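See below for target12.pdb, which holds PDB, C-alpha atoms.
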ATOM      1  CA  MET K   1       0.000   0.000   0.000
ATOM      2  CA  PRO K   2       1.732   3.208  -1.141
ATOM      3  CA  ARG K   3      -0.291   5.666   0.992
ATOM      4  CA  PHE K   4      -0.342   5.749   4.771
ATOM      5  CA  PRO K   5      -2.718   8.147   6.581
ATOM      6  CA  PHE K   6      -1.266  10.053   9.496
ATOM      7  CA  THR K   7      -2.679   9.648  13.001
ATOM      8  CA  ARG K   8      -2.513  12.638  15.314
ATOM      9  CA  SER K   9      -0.794  12.083  18.669
ATOM     10  CA  GLY K  10      -0.157  14.391  21.590
ATOM     11  CA  ALA K  11      -3.571  16.036  21.566
ATOM     12  CA  GLY K  12      -3.421  17.022  25.227
ATOM     13  CA  ALA K  13      -2.433  20.509  26.322
ATOM     14  CA  ASP K  14       0.665  19.138  28.080
ATOM     15  CA  GLU K  15       1.815  16.914  25.194
ATOM     16  CA  ARG K  16       3.950  17.866  22.237
ATOM     17  CA  PRO K  17       1.959  17.364  19.022
ATOM     18  CA  SER K  18       3.137  14.650  16.652
ATOM     19  CA  LEU K  19       1.989  12.330  13.897
ATOM     20  CA  SER K  20       2.384   8.600  13.393
ATOM     21  CA  CYS K  21       1.695   6.221  10.528
ATOM     22  CA  ALA K  22       1.717   2.475   9.904
ATOM     23  CA  LEU K  23       4.764   2.626   7.632
ATOM     24  CA  LEU K  24       6.964   3.879  10.490
ATOM     25  CA  PRO K  25       5.660   2.136  13.643
ATOM     26  CA  GLY K  26       6.844   3.713  16.873
ATOM     27  CA  VAL K  27       8.360   6.724  15.098
ATOM     28  CA  ARG K  28       7.354  10.251  16.116
ATOM     29  CA  ILE K  29       6.781  12.580  13.143
ATOM     30  CA  PRO K  30       8.358  15.067  12.983
ATOM     31  CA  GLY K  31      11.587  14.292  14.763
ATOM     32  CA  GLN K  32      13.867  17.033  13.526
ATOM     33  CA  LEU K  33      12.008  19.600  11.425
ATOM     34  CA  ILE K  34      14.233  21.238   8.832
ATOM     35  CA  GLY K  35      13.276  24.124   6.578
ATOM     36  CA  ILE K  36      14.785  25.243   3.272
ATOM     37  CA  GLY K  37      14.529  28.863   2.190
ATOM     38  CA  GLU K  38      14.478  30.513  -1.249
ATOM     39  CA  ASN K  39      14.590  27.254  -3.199
ATOM     40  CA  TYR K  40      12.388  28.112  -6.200
ATOM     41  CA  TRP K  41      13.266  30.082  -9.306
ATOM     42  CA  PRO K  42      11.190  33.232  -9.728
ATOM     43  CA  ASP K  43       8.223  32.721 -12.061
ATOM     44  CA  HIS K  44       8.723  35.663 -14.416
ATOM     45  CA  GLY K  45       9.225  35.859 -18.139
ATOM     46  CA  ALA K  46      11.821  37.529 -20.290
ATOM     47  CA  GLY K  47      11.428  41.271 -20.551
ATOM     48  CA  GLN K  48       9.628  41.660 -17.233
ATOM     49  CA  PRO K  49      11.094  44.049 -14.654
ATOM     50  CA  ALA K  50      13.486  42.761 -12.030
ATOM     51  CA  LEU K  51      11.771  41.248  -9.034
ATOM     52  CA  PRO K  52      11.970  42.936  -5.628
ATOM     53  CA  VAL K  53      14.331  41.616  -2.987
ATOM     54  CA  PRO K  54      12.396  39.022  -0.950
ATOM     55  CA  ALA K  55      11.959  38.922   2.827
ATOM     56  CA  GLY K  56      15.338  38.033   4.290
ATOM     57  CA  GLY K  57      17.263  40.431   2.077
ATOM     58  CA  THR K  58      18.816  38.126  -0.498
ATOM     59  CA  ALA K  59      18.894  38.805  -4.215
ATOM     60  CA  PRO K  60      16.609  37.079  -6.734
ATOM     61  CA  ASP K  61      19.678  35.612  -8.504
ATOM     62  CA  ARG K  62      19.826  32.218  -6.838
ATOM     63  CA  ARG K  63      22.721  30.685  -8.759
ATOM     64  CA  ALA K  64      25.478  32.853  -7.338
ATOM     65  CA  ALA K  65      28.845  31.135  -7.386
ATOM     66  CA  GLY K  66      29.219  28.804  -4.428
ATOM     67  CA  ARG K  67      25.625  29.174  -3.289
ATOM     68  CA  ILE K  68      24.438  26.418  -0.974
ATOM     69  CA  PRO K  69      20.924  25.607   0.269
ATOM     70  CA  LEU K  70      19.555  28.017   2.857
ATOM     71  CA  VAL K  71      18.748  25.817   5.865
ATOM     72  CA  PHE K  72      16.829  26.852   8.986
ATOM     73  CA  GLY K  73      15.283  25.105  11.959
ATOM     74  CA  LYS K  74      11.565  24.955  12.654
ATOM     75  CA  PHE K  75      10.626  23.579  16.053
ATOM     76  CA  ALA K  76       8.635  20.335  16.048
ATOM     77  CA  GLY K  77       6.044  21.769  18.433
ATOM     78  CA  SER K  78       4.747  23.933  15.567
ATOM     79  CA  LEU K  79       2.995  20.893  14.064
ATOM     80  CA  ALA K  80      -0.692  20.947  13.115
ATOM     81  CA  ALA K  81      -2.507  18.039  11.490
ATOM     82  CA  ASP K  82      -4.698  18.223   8.416
ATOM     83  CA  GLY K  83      -7.960  19.937   9.346
ATOM     84  CA  GLU K  84      -6.648  21.513  12.548
ATOM     85  CA  PRO K  85      -6.720  25.302  12.893
ATOM     86  CA  ILE K  86      -3.760  27.566  12.300
ATOM     87  CA  ILE K  87      -3.996  29.844  15.324
ATOM     88  CA  LEU K  88      -3.044  33.506  14.887
ATOM     89  CA  ASN K  89      -2.219  36.019  17.580
ATOM     90  CA  PRO K  90      -1.757  39.281  15.637
ATOM     91  CA  ALA K  91      -0.475  41.128  18.716
ATOM     92  CA  ARG K  92       2.468  38.733  18.913
ATOM     93  CA  ALA K  93       3.023  37.607  15.344
ATOM     94  CA  GLY K  94       2.018  40.522  13.110
ATOM     95  CA  THR K  95       1.675  39.631   9.433
ATOM     96  CA  VAL K  96       1.395  35.865   8.855
ATOM     97  CA  VAL K  97       1.650  34.192   5.441
ATOM     98  CA  CYS K  98       1.177  30.697   4.068
ATOM     99  CA  GLU K  99       3.860  28.782   2.151
ATOM    100  CA  GLY K 100       2.846  25.576   0.375
ATOM    101  CA  GLU K 101       5.663  23.015   0.266
ATOM    102  CA  LEU K 102       6.574  19.435  -0.549
ATOM    103  CA  ALA K 103       7.743  17.701   2.639
ATOM    104  CA  VAL K 104      10.069  14.701   2.773
ATOM    105  CA  VAL K 105       9.847  12.194   5.648
ATOM    106  CA  MET K 106      12.907  10.089   6.399
ATOM    107  CA  GLY K 107      12.557   6.334   6.796
ATOM    108  CA  ARG K 108      16.157   5.365   7.515
ATOM    109  CA  VAL K 109      19.255   6.955   9.003
ATOM    110  CA  LEU K 110      21.156   9.015   6.455
ATOM    111  CA  LYS K 111      24.650  10.413   6.947
ATOM    112  CA  ASP K 112      27.109  11.674   4.333
ATOM    113  CA  ALA K 113      25.055  10.546   1.348
ATOM    114  CA  ALA K 114      27.348  10.333  -1.678
ATOM    115  CA  THR K 115      24.774   9.985  -4.461
ATOM    116  CA  PRO K 116      21.185  11.049  -5.166
ATOM    117  CA  GLU K 117      20.199   7.372  -5.227
ATOM    118  CA  GLU K 118      21.586   6.818  -1.738
ATOM    119  CA  ALA K 119      19.787   9.900  -0.432
ATOM    120  CA  LEU K 120      16.395   8.986  -1.890
ATOM    121  CA  ALA K 121      16.686   5.354  -0.729
ATOM    122  CA  ALA K 122      16.520   6.620   2.868
ATOM    123  CA  VAL K 123      13.197   8.418   2.302
ATOM    124  CA  ALA K 124      10.022   6.846   3.681
ATOM    125  CA  GLY K 125       7.816   9.075   1.560
ATOM    126  CA  VAL K 126       6.527  12.567   0.952
ATOM    127  CA  THR K 127       3.594  14.608   2.154
ATOM    128  CA  VAL K 128       2.199  18.145   1.980
ATOM    129  CA  ALA K 129       3.260  20.992   4.276
ATOM    130  CA  ASN K 130       2.355  24.604   4.915
ATOM    131  CA  ASP K 131       5.347  26.520   6.267
ATOM    132  CA  VAL K 132       3.297  29.232   7.976
ATOM    133  CA  SER K 133       5.496  32.240   8.702
ATOM    134  CA  ALA K 134       5.276  35.399  10.809
ATOM    135  CA  ARG K 135       7.075  37.920   8.624
ATOM    136  CA  ASP K 136       7.365  40.644  11.286
ATOM    137  CA  LEU K 137       9.181  38.247  13.626
ATOM    138  CA  GLN K 138      11.486  37.111  10.837
ATOM    139  CA  ALA K 139      12.361  40.720  10.048
ATOM    140  CA  ALA K 140      12.942  41.566  13.701
ATOM    141  CA  ASP K 141      15.239  38.582  14.225
ATOM    142  CA  VAL K 142      16.980  38.706  10.815
ATOM    143  CA  GLN K 143      16.512  34.931  10.693
ATOM    144  CA  SER K 144      13.587  32.544  10.470
ATOM    145  CA  THR K 145      13.357  30.162  13.423
ATOM    146  CA  ARG K 146      11.091  32.118  15.782
ATOM    147  CA  GLY K 147       8.828  33.436  13.036
ATOM    148  CA  LYS K 148       8.266  29.934  11.675
ATOM    149  CA  SER K 149       7.964  28.007  14.949
ATOM    150  CA  LEU K 150       4.835  29.367  16.595
ATOM    151  CA  ASP K 151       2.316  26.751  17.694
ATOM    152  CA  THR K 152       0.280  25.371  14.728
ATOM    153  CA  PHE K 153       2.623  27.004  12.175
ATOM    154  CA  CYS K 154       3.531  23.698  10.481
ATOM    155  CA  PRO K 155       0.442  21.951   9.106
ATOM    156  CA  LEU K 156       1.487  18.562   7.715
ATOM    157  CA  GLY K 157      -0.433  15.744   6.008
ATOM    158  CA  PRO K 158      -2.833  14.226   5.318
ATOM    159  CA  GLU K 159      -0.888  11.057   4.484
ATOM    160  CA  LEU K 160       2.563   9.689   3.739
ATOM    161  CA  VAL K 161       3.016   8.737   0.083
ATOM    162  CA  THR K 162       5.850   6.370  -0.847
ATOM    163  CA  LEU K 163       8.158   7.230  -3.707
ATOM    164  CA  ASP K 164       6.934   4.416  -5.941
ATOM    165  CA  GLU K 165       3.666   6.353  -6.088
ATOM    166  CA  VAL K 166       5.506   9.566  -7.041
ATOM    167  CA  PRO K 167       8.115   8.525  -9.616
ATOM    168  CA  ASP K 168       9.457  12.046 -10.300
ATOM    169  CA  LEU K 169       9.681  14.369  -7.322
ATOM    170  CA  GLN K 170      10.788  17.189  -9.625
ATOM    171  CA  ALA K 171       7.652  17.166 -11.780
ATOM    172  CA  LEU K 172       4.820  17.890  -9.349
ATOM    173  CA  ARG K 173       2.424  20.812  -9.619
ATOM    174  CA  ILE K 174       1.921  22.672  -6.330
ATOM    175  CA  VAL K 175      -1.070  24.960  -5.831
ATOM    176  CA  THR K 176      -1.990  26.930  -2.709
ATOM    177  CA  THR K 177      -5.412  28.514  -2.277
ATOM    178  CA  ILE K 178      -6.950  30.806   0.318
ATOM    179  CA  ASN K 179     -10.743  30.624   0.434
ATOM    180  CA  GLY K 180     -10.661  28.961  -2.977
ATOM    181  CA  SER K 181      -8.559  31.650  -4.665
ATOM    182  CA  VAL K 182      -5.182  30.552  -6.048
ATOM    183  CA  VAL K 183      -2.240  32.338  -4.404
ATOM    184  CA  GLN K 184       0.575  29.994  -5.474
ATOM    185  CA  ASP K 185       0.737  27.916  -8.668
ATOM    186  CA  SER K 186       4.086  26.424  -9.568
ATOM    187  CA  ALA K 187       5.874  23.082  -9.863
ATOM    188  CA  THR K 188       8.717  21.290  -8.143
ATOM    189  CA  SER K 189      10.601  21.484 -11.440
ATOM    190  CA  ARG K 190      11.232  25.124 -10.438
ATOM    191  CA  MET K 191      13.371  24.108  -7.442
ATOM    192  CA  VAL K 192      16.891  25.502  -7.384
ATOM    193  CA  PHE K 193      18.171  22.438  -5.496
ATOM    194  CA  THR K 194      16.406  19.121  -6.069
ATOM    195  CA  VAL K 195      15.062  16.975  -3.249
ATOM    196  CA  ALA K 196      18.017  14.606  -3.574
ATOM    197  CA  GLU K 197      20.502  17.493  -3.515
ATOM    198  CA  LEU K 198      18.897  18.886  -0.349
ATOM    199  CA  LEU K 199      19.093  15.509   1.395
ATOM    200  CA  MET K 200      22.727  15.042   0.387
ATOM    201  CA  PHE K 201      23.603  18.536   1.621
ATOM    202  CA  CYS K 202      21.832  18.138   4.980
ATOM    203  CA  SER K 203      23.306  14.673   5.560
ATOM    204  CA  ARG K 204      26.803  16.101   5.280
ATOM    205  CA  PHE K 205      26.471  18.304   8.365
ATOM    206  CA  MET K 206      23.881  16.388  10.409
ATOM    207  CA  THR K 207      22.520  12.876  10.763
ATOM    208  CA  LEU K 208      18.989  12.439   9.486
ATOM    209  CA  TYR K 209      16.855   9.939  11.411
ATOM    210  CA  PRO K 210      13.563   8.130  10.731
ATOM    211  CA  GLY K 211      10.710  10.581  11.210
ATOM    212  CA  ASP K 212      12.759  13.667  10.451
ATOM    213  CA  VAL K 213      10.963  16.028   8.060
ATOM    214  CA  ILE K 214      12.570  18.297   5.477
ATOM    215  CA  LEU K 215      10.428  21.096   4.037
ATOM    216  CA  THR K 216      11.844  21.659   0.560
ATOM    217  CA  GLY K 217      10.941  25.311   0.024
ATOM    218  CA  THR K 218       7.996  27.271  -1.309
ATOM    219  CA  PRO K 219       7.329  28.716  -4.782
ATOM    220  CA  TRP K 220       8.369  32.305  -5.379
ATOM    221  CA  ALA K 221       5.823  35.046  -4.726
ATOM    222  CA  ALA K 222       6.608  38.488  -6.139
ATOM    223  CA  ALA K 223       3.794  40.046  -4.066
ATOM    224  CA  GLU K 224       3.438  38.422  -0.662
ATOM    225  CA  SER K 225       0.259  40.312   0.215
ATOM    226  CA  GLY K 226      -1.727  37.579  -1.515
ATOM    227  CA  LEU K 227      -0.312  34.966   0.865
ATOM    228  CA  GLU K 228      -1.423  36.703   4.049
ATOM    229  CA  LEU K 229      -3.643  34.682   6.388
ATOM    230  CA  ARG K 230      -6.478  36.155   8.430
ATOM    231  CA  PRO K 231      -8.881  34.650  10.970
ATOM    232  CA  GLY K 232     -11.788  33.005   9.169
ATOM    233  CA  ASP K 233      -9.722  31.965   6.147
ATOM    234  CA  THR K 234      -9.329  28.413   4.908
ATOM    235  CA  VAL K 235      -5.977  27.593   3.323
ATOM    236  CA  SER K 236      -5.286  24.521   1.175
ATOM    237  CA  VAL K 237      -2.087  23.211  -0.377
ATOM    238  CA  ASP K 238      -2.470  20.672  -3.180
ATOM    239  CA  ILE K 239       0.502  18.759  -4.587
ATOM    240  CA  GLU K 240      -0.060  16.637  -7.649
ATOM    241  CA  GLY K 241      -0.015  12.938  -6.803
ATOM    242  CA  VAL K 242       0.639  13.596  -3.106
ATOM    243  CA  GLY K 243      -2.550  15.078  -1.667
ATOM    244  CA  THR K 244      -4.326  18.133  -0.341
ATOM    245  CA  LEU K 245      -3.698  19.689   3.069
ATOM    246  CA  THR K 246      -6.462  21.970   4.341
ATOM    247  CA  ASN K 247      -6.563  24.048   7.517
ATOM    248  CA  PRO K 248      -8.911  26.741   8.836
ATOM    249  CA  VAL K 249      -7.408  29.872  10.333
ATOM    250  CA  ALA K 250      -8.511  30.915  13.806
ATOM    251  CA  ALA K 251      -7.749  33.842  16.100
ATOM    252  CA  VAL K 252      -6.598  33.977  19.694
ATOM    253  CA  ASP K 253      -8.313  36.288  22.152
ATOM    254  CA  SER K 254      -5.012  37.692  23.435
ATOM    255  CA  PRO K 255      -5.963  38.712  26.994
ATOM    256  CA  ALA K 256      -7.453  35.320  27.819
ATOM    257  CA  GLY K 257      -5.443  33.222  25.404
ATOM    258  CA  HIS K 258      -8.560  31.466  24.091
ATOM    259  CA  VAL K 259      -9.000  30.388  20.495
ATOM    260  CA  ILE K 260     -11.859  31.998  18.600
ATOM    261  CA  ALA K 261     -13.046  29.535  15.987
ATOM    262  CA  PRO K 262     -13.632  30.837  12.467
ATOM    263  CA  ALA K 263     -17.231  31.703  11.678
TER     264      ALA K 263
END

Starting from the file, give its structure as C-alpha cells.
Amino acid sequence: MPRFPFTRSGAGADERPSLSCALLPGVRIPGQLIGIGENYWPDHGAGQPALPVPAGGTAPDRRAAGRIPLVFGKFAGSLAADGEPIILNPARAGTVVCEGELAVVMGRVLKDAATPEEALAAVAGVTVANDVSARDLQAADVQSTRGKSLDTFCPLGPELVTLDEVPDLQALRIVTTINGSVVQDSATSRMVFTVAELLMFCSRFMTLYPGDVILTGTPWAAAESGLELRPGDTVSVDIEGVGTLTNPVAAVDSPAGHVIAPA
C-alpha cells in the first residue's frame, strides 16, 4: 500500500503534538524539522522588470557562485494536522503568510550521502506541508526560526506517500489557495536544489533519522500580500499525486489566550 494516513498524537495541552503512521511504527513525526529557504526560481518571463528583494534580504539571482541551500530550523512543536486550525495572535506575530511546500519524511538513518540514489533510498515518503510564517518576527530577528515556529505554524499531512507512487519528485504541480482563490501555482521542477541534492547537503552536516521532516521550500511570490492569512480563512495546499492539506485559520483572544473559531 503506497499511501499511509497520518494519526494525530499528543492532543493534550501538556503533550507535544506529533503524527504517526503504519509505515513507520513507533516513530514520532516530525523528529527534527528542517526548513529550506528561497529554493524556487522566480516565475517571471523575459522582458519583465526585475523582481523585488524578498523577505530576508537576499537577491533574486539564486545561482550565485558557491551558493548552498539556505537551511533553517523549525521547532517540532509547531505541528498541526490536516484539518486543525492555524492559530493567529496578531499582537504577537504581526503579518502571517502561508507557504505551500513538498515535505520529505525520512525512513532510515542518512549520513554523508554520496549519491542522489543513496539519499532517496533513505526516504520513507513525501507529504504536503504549509510553512506558515510570521514575517514581522522574521524581520525583527533577521533569521527565520522564531517566526516559523509558533504553535500550529507547520500543518502537515494528510498522508505519507511512498516514492513508488511519485516517480518524479521534480515534476509535481503545487497549488496553494486561500478561500478557494489561487495564491501559489508552480511546480517542483522550479526548485533551485532538487530533493536529492537537499538531502545530500543536509546529511553532510547532520545525521537524518527516521521521522525527520525536510520542508523543501515554497514557490516564489513576487507580491506576498496575496499569501497573508487572516482569521476566518481556509488555506489549502495541493501537490499533484501527493494530496491536499487543508486548515482553517482561527484567532486567539489575546488577553485570555482562548482560540476563537472561524465563523

Taking 4 positions as the minimum chain separation for residues in the same chain, which residues sit within 7 Å of range 77-87 of chain K when counting only C-alpha atoms? Answer as a compact mmCIF listing (two decimals) with C-alpha atoms, in the frame of the given file.
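The file below, result-v8.txt, is the result:
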# COMPACT_ATOMS: atom_id res chain seq x y z
CA ARG K 8 -2.51 12.64 15.31
CA ARG K 16 3.95 17.87 22.24
CA PRO K 17 1.96 17.36 19.02
CA SER K 18 3.14 14.65 16.65
CA SER K 149 7.96 28.01 14.95
CA LEU K 150 4.84 29.37 16.60
CA ASP K 151 2.32 26.75 17.69
CA THR K 152 0.28 25.37 14.73
CA PHE K 153 2.62 27.00 12.18
CA CYS K 154 3.53 23.70 10.48
CA PRO K 155 0.44 21.95 9.11
CA LEU K 156 1.49 18.56 7.72
CA GLY K 157 -0.43 15.74 6.01
CA PRO K 158 -2.83 14.23 5.32
CA LEU K 245 -3.70 19.69 3.07
CA THR K 246 -6.46 21.97 4.34
CA ASN K 247 -6.56 24.05 7.52
CA PRO K 248 -8.91 26.74 8.84
CA VAL K 249 -7.41 29.87 10.33
CA ALA K 250 -8.51 30.92 13.81
CA ALA K 251 -7.75 33.84 16.10
CA VAL K 252 -6.60 33.98 19.69

Convert the output of the PyMOL selection byres ((chain K and resi 218) around 7) on the shown file into explicit residues, formatted as a compact mmCIF listing (two decimals) with C-alpha atoms, in the coordinates of the input.
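The resulting file, selection_36.txt, is shown below:
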# COMPACT_ATOMS: atom_id res chain seq x y z
CA ASN K 39 14.59 27.25 -3.20
CA TYR K 40 12.39 28.11 -6.20
CA GLU K 99 3.86 28.78 2.15
CA GLY K 100 2.85 25.58 0.38
CA GLU K 101 5.66 23.02 0.27
CA GLY K 217 10.94 25.31 0.02
CA PRO K 219 7.33 28.72 -4.78
CA TRP K 220 8.37 32.30 -5.38

Translate the PyMOL selection byres ((chain K and resi 134) around 8), as applied to the file shown, into an explicit residue set as a list of chain:residue names.
-> K:Ala93, K:Gly94, K:Thr95, K:Val96, K:Val97, K:Val132, K:Ser133, K:Arg135, K:Asp136, K:Leu137, K:Gln138, K:Gly147, K:Lys148

Write out, as a compact mmCIF listing (two decimals), in the coordinates of the input, the residues just selected, with C-alpha atoms.
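The result, written out as selection.txt:
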# COMPACT_ATOMS: atom_id res chain seq x y z
CA ALA K 93 3.02 37.61 15.34
CA GLY K 94 2.02 40.52 13.11
CA THR K 95 1.68 39.63 9.43
CA VAL K 96 1.40 35.86 8.86
CA VAL K 97 1.65 34.19 5.44
CA VAL K 132 3.30 29.23 7.98
CA SER K 133 5.50 32.24 8.70
CA ARG K 135 7.08 37.92 8.62
CA ASP K 136 7.36 40.64 11.29
CA LEU K 137 9.18 38.25 13.63
CA GLN K 138 11.49 37.11 10.84
CA GLY K 147 8.83 33.44 13.04
CA LYS K 148 8.27 29.93 11.68

Judged by only C-alpha atoms, the minimum distance to Ser236 in chain K among K:Ala129, K:Val161, K:Leu172, K:Ala223 is found for K:Ala129

Interatomic distance (Å, one decimal) between CA of Ile178 in chain K and CA of Ser225 in chain K =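 If I compute the distance from CA of Ile178 in chain K to CA of Ser225 in chain K, I get 11.9 Å.
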
Could you state the separation of CA of Thr234 in chain K and CA of Ser181 in chain K in Å, given to one decimal place?
->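 So the two atoms, CA of Thr234 in chain K and CA of Ser181 in chain K, lie 10.1 Å apart.
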
Would you kindly return, as an NGL selection string, each protein, DNA or RNA residue with an atom no farther than 12 Å from any atom of range 110-125 of chain K, considering only C-alpha atoms and excluding same-chain residues fewer than 6 positions away?
-> :K and (2-5 or 21-25 or 27 or 29 or 102-104 or 157 or 159-169 or 193-214 or 242)

Using 5 Å of padding on each side, determine the axis-aligned box around all atoms of range 192-196 of chain K present in the file and give its centre and edge lengths in Å to one decimal, as lines of an AutoDock Vina configuration file.
center_x = 16.6
center_y = 20.1
center_z = -5.3
size_x = 13.1
size_y = 20.9
size_z = 14.1
